[in-house]
Amino acid sequence: MKKVAFYTLGCKLNYSETSTISRMFENKGYQKVEFDQTPDIFIINTCSVTENADKKCKKIVKEAKKISPNSYVTIIGCYAQLKPQEIATIKGVDAVLGAAEKFRLIELLDGFAKEQEAKVLATDIQEATVFNNAFSINDRTRTFLKVQDGCNYGCAFCTIPLARGKSRSDSIANILDSAREIASTDVKEVVLTGVNIGDFGIQDGKRKERFADLVTALDEIEGIDRFRISSIEPNLLTNETIEFVSKSKHFVPHFHIPLQSGSNTMLRAMGRRYLRELYEDRVSKIKTLMPHCCIGVDVIVGFPGETDELFLETYNFLKELPISYLHVFTYSERANTRATEMEGVVPMKTRNERSKMLRILSEKMRRQFYEENLGKTYTVLFEEDIEDGKMHGFTENYIRVSAKYDPMLINETKVVQLVGINEKGSVDIEEPEVVYEAH
């Protein structure tokens, strides 16, 4: 029985796909092992969004060959689609598979027999038209369920359409089947994931279903306590979806909404499909219906043309919004994107200074959001996240909670009262005298 190990870089979507590919291997009789358990085969799932994709890929290949010198190393994922020939020259790589090929790798790399040169199986991204169902299982307390892939938007900074192809989705019927399968495994929380999940509903190039209908259908699934919506574009987050979540049985009050810039000048330059006024309206709608809702925001700093004045527009816009935390990205050039041809390149030192300013602001926002919720009662899903005798979990509105370690609580939900913020920045709890199981 050949041993196979997996390593995943990047987003929740990559995790869902790695998990699904690993189950394919297990179904074919391979033994899944940890990275350091001398595997015969390594599958490395790469990302192109994070900086230094090439360095990270090389480093992991090098580690793999140290652990198991005669192993067969396969590279898949977004970086593999964008730079297959480049990856094929990395010492130790045996095969590179593109977006249209990665779910067929067991069949395409029949027997994983090493050859003189690395095998490159990566067709043009236009060939990636099939939606491959995927979800993660047994990896974490929560499951990532892929509902959509690809993107039809053409933001000036982004390579995702080149790495994943056009927007396409699973059907609601198939997704409900996956959700029922997940429910049978005792998972308590499912995170809906995709490249542009608000664009859900395109099948065979035509819009057939809607995201709001998917959310409504999933809310009726028995056996899953929580559904969480991952990143969703502001122009695709409709009043209908917000209103539904505010009254839902299982969808939690937490939205992650990319902004990228609080300056309309920059939003236009980036090719975004909304202006700051729409973003402000979405946040206001959410907070009116769900004052305790957690709102996370993606921001890019240092995009070409971002002057000090335009950056301060973003900073001040964010400072006034009732949001909970930021994911700050320092702009870095990506080959084959419009942004690389734009004037007004921002020096890296300035980009880093702006990133630091926003990260400090994010910490203040998170702390303020936590403080606003002290004294309130929430349901925590505890995870196998143990540190200094404390275990951790998240409330439905994404507040990280610390509690005294109790092995019985792992992957369990418990109703608790939030009492104070500790020196690590998470929230301590006071358990009510009578603790009710949350259902």
# chains A, B, ... in the order shown; residues from 1 in each chain; ligands from 1
>>> select_by_dssp(residues="region 12-45 of chain A", states="helix (DSSP H, G or I)", output="list in words")
Lys12, Leu13, Asn14, Tyr15, Ser16, Glu17, Thr18, Ser19, Thr20, Ile21, Ser22, Arg23, Met24, Phe25, Glu26 and Asn27 of chain A
>>> select_by_dssp(residues="region 180-403 of chain A", states="strand (DSSP E)", output="ChimeraX atom specification")
/A:189-193,202-203,206-207,226-229,254-260,294-301,325-330,377-387,390-395,400-403
>>> residues_around(residues="Ala163 (chain A)", least_positions_apart="4", cutoff="7 Å", atoms="only C-alpha atoms", output="ChimeraX atom specification")
/A:78,81-82,125,159
>>> write_last_selection(atoms="N, CA, C and O atoms", output="mmCIF file, in the first residue's frame")
data_model
loop_
_atom_site.group_PDB
_atom_site.id
_atom_site.type_symbol
_atom_site.label_atom_id
_atom_site.label_comp_id
_atom_site.auth_asym_id
_atom_site.auth_seq_id
_atom_site.Cartn_x
_atom_site.Cartn_y
_atom_site.Cartn_z
ATOM 1 N N CYS A 78 -3.446 26.793 -7.876
ATOM 2 C CA CYS A 78 -3.449 27.997 -8.713
ATOM 3 C C CYS A 78 -2.081 28.310 -9.305
ATOM 4 O O CYS A 78 -1.957 28.655 -10.479
ATOM 5 N N GLN A 81 -1.286 26.134 -12.266
ATOM 6 C CA GLN A 81 -1.955 26.517 -13.511
ATOM 7 C C GLN A 81 -1.251 27.712 -14.155
ATOM 8 O O GLN A 81 -1.097 27.775 -15.367
ATOM 9 N N LEU A 82 -0.800 28.662 -13.334
ATOM 10 C CA LEU A 82 -0.211 29.889 -13.853
ATOM 11 C C LEU A 82 1.216 29.702 -14.375
ATOM 12 O O LEU A 82 1.601 30.288 -15.372
ATOM 13 N N ILE A 125 -6.528 27.556 -19.483
ATOM 14 C CA ILE A 125 -7.551 27.709 -18.431
ATOM 15 C C ILE A 125 -8.970 27.675 -19.002
ATOM 16 O O ILE A 125 -9.931 27.345 -18.304
ATOM 17 N N THR A 159 -5.106 37.403 -10.281
ATOM 18 C CA THR A 159 -4.806 36.337 -11.242
ATOM 19 C C THR A 159 -5.785 35.161 -11.145
ATOM 20 O O THR A 159 -5.653 34.192 -11.899
#
>>> residues_around(residues="Gly198 (chain A)", least_positions_apart="3", cutoff="8 Å", atoms="only C-alpha atoms", output="list in words")
Phe211, Ile232, Glu233, Leu236 and Leu237 of chain A
>>> write_last_selection(atoms="N, CA, C and O atoms", output="mmCIF file, in the first residue's frame")
data_model
loop_
_atom_site.group_PDB
_atom_site.id
_atom_site.type_symbol
_atom_site.label_atom_id
_atom_site.label_comp_id
_atom_site.auth_asym_id
_atom_site.auth_seq_id
_atom_site.Cartn_x
_atom_site.Cartn_y
_atom_site.Cartn_z
ATOM 1 N N PHE A 211 -27.803 32.442 -5.185
ATOM 2 C CA PHE A 211 -27.181 32.225 -3.880
ATOM 3 C C PHE A 211 -28.224 32.272 -2.756
ATOM 4 O O PHE A 211 -28.187 31.463 -1.826
ATOM 5 N N ILE A 232 -17.797 37.298 0.611
ATOM 6 C CA ILE A 232 -18.816 37.566 -0.419
ATOM 7 C C ILE A 232 -18.729 39.027 -0.850
ATOM 8 O O ILE A 232 -18.639 39.936 -0.027
ATOM 9 N N GLU A 233 -18.728 39.259 -2.167
ATOM 10 C CA GLU A 233 -18.580 40.608 -2.720
ATOM 11 C C GLU A 233 -19.755 41.498 -2.301
ATOM 12 O O GLU A 233 -20.917 41.050 -2.304
ATOM 13 N N LEU A 236 -22.791 41.671 -4.497
ATOM 14 C CA LEU A 236 -23.555 40.422 -4.633
ATOM 15 C C LEU A 236 -24.232 40.004 -3.328
ATOM 16 O O LEU A 236 -24.967 39.023 -3.301
ATOM 17 N N LEU A 237 -23.967 40.763 -2.255
ATOM 18 C CA LEU A 237 -24.616 40.483 -0.973
ATOM 19 C C LEU A 237 -25.932 41.260 -0.939
ATOM 20 O O LEU A 237 -25.967 42.450 -0.681
#
>>> closest_residue(among="A:Leu275, A:Val190, A:Val130, A:Leu321", to="Pro234 (chain A)", atoms="only C-alpha atoms")
A:Leu275
>>> closest_residue(among="A:Gly305, A:Gly344, A:Gly375, A:Pro39", to="Gly420 (chain A)", atoms="only C-alpha atoms")
A:Gly375
>>> atom_distance(atom1="CA of Lys208 (chain A)", atom2="CA of Ile242 (chain A)")
21.2 Å
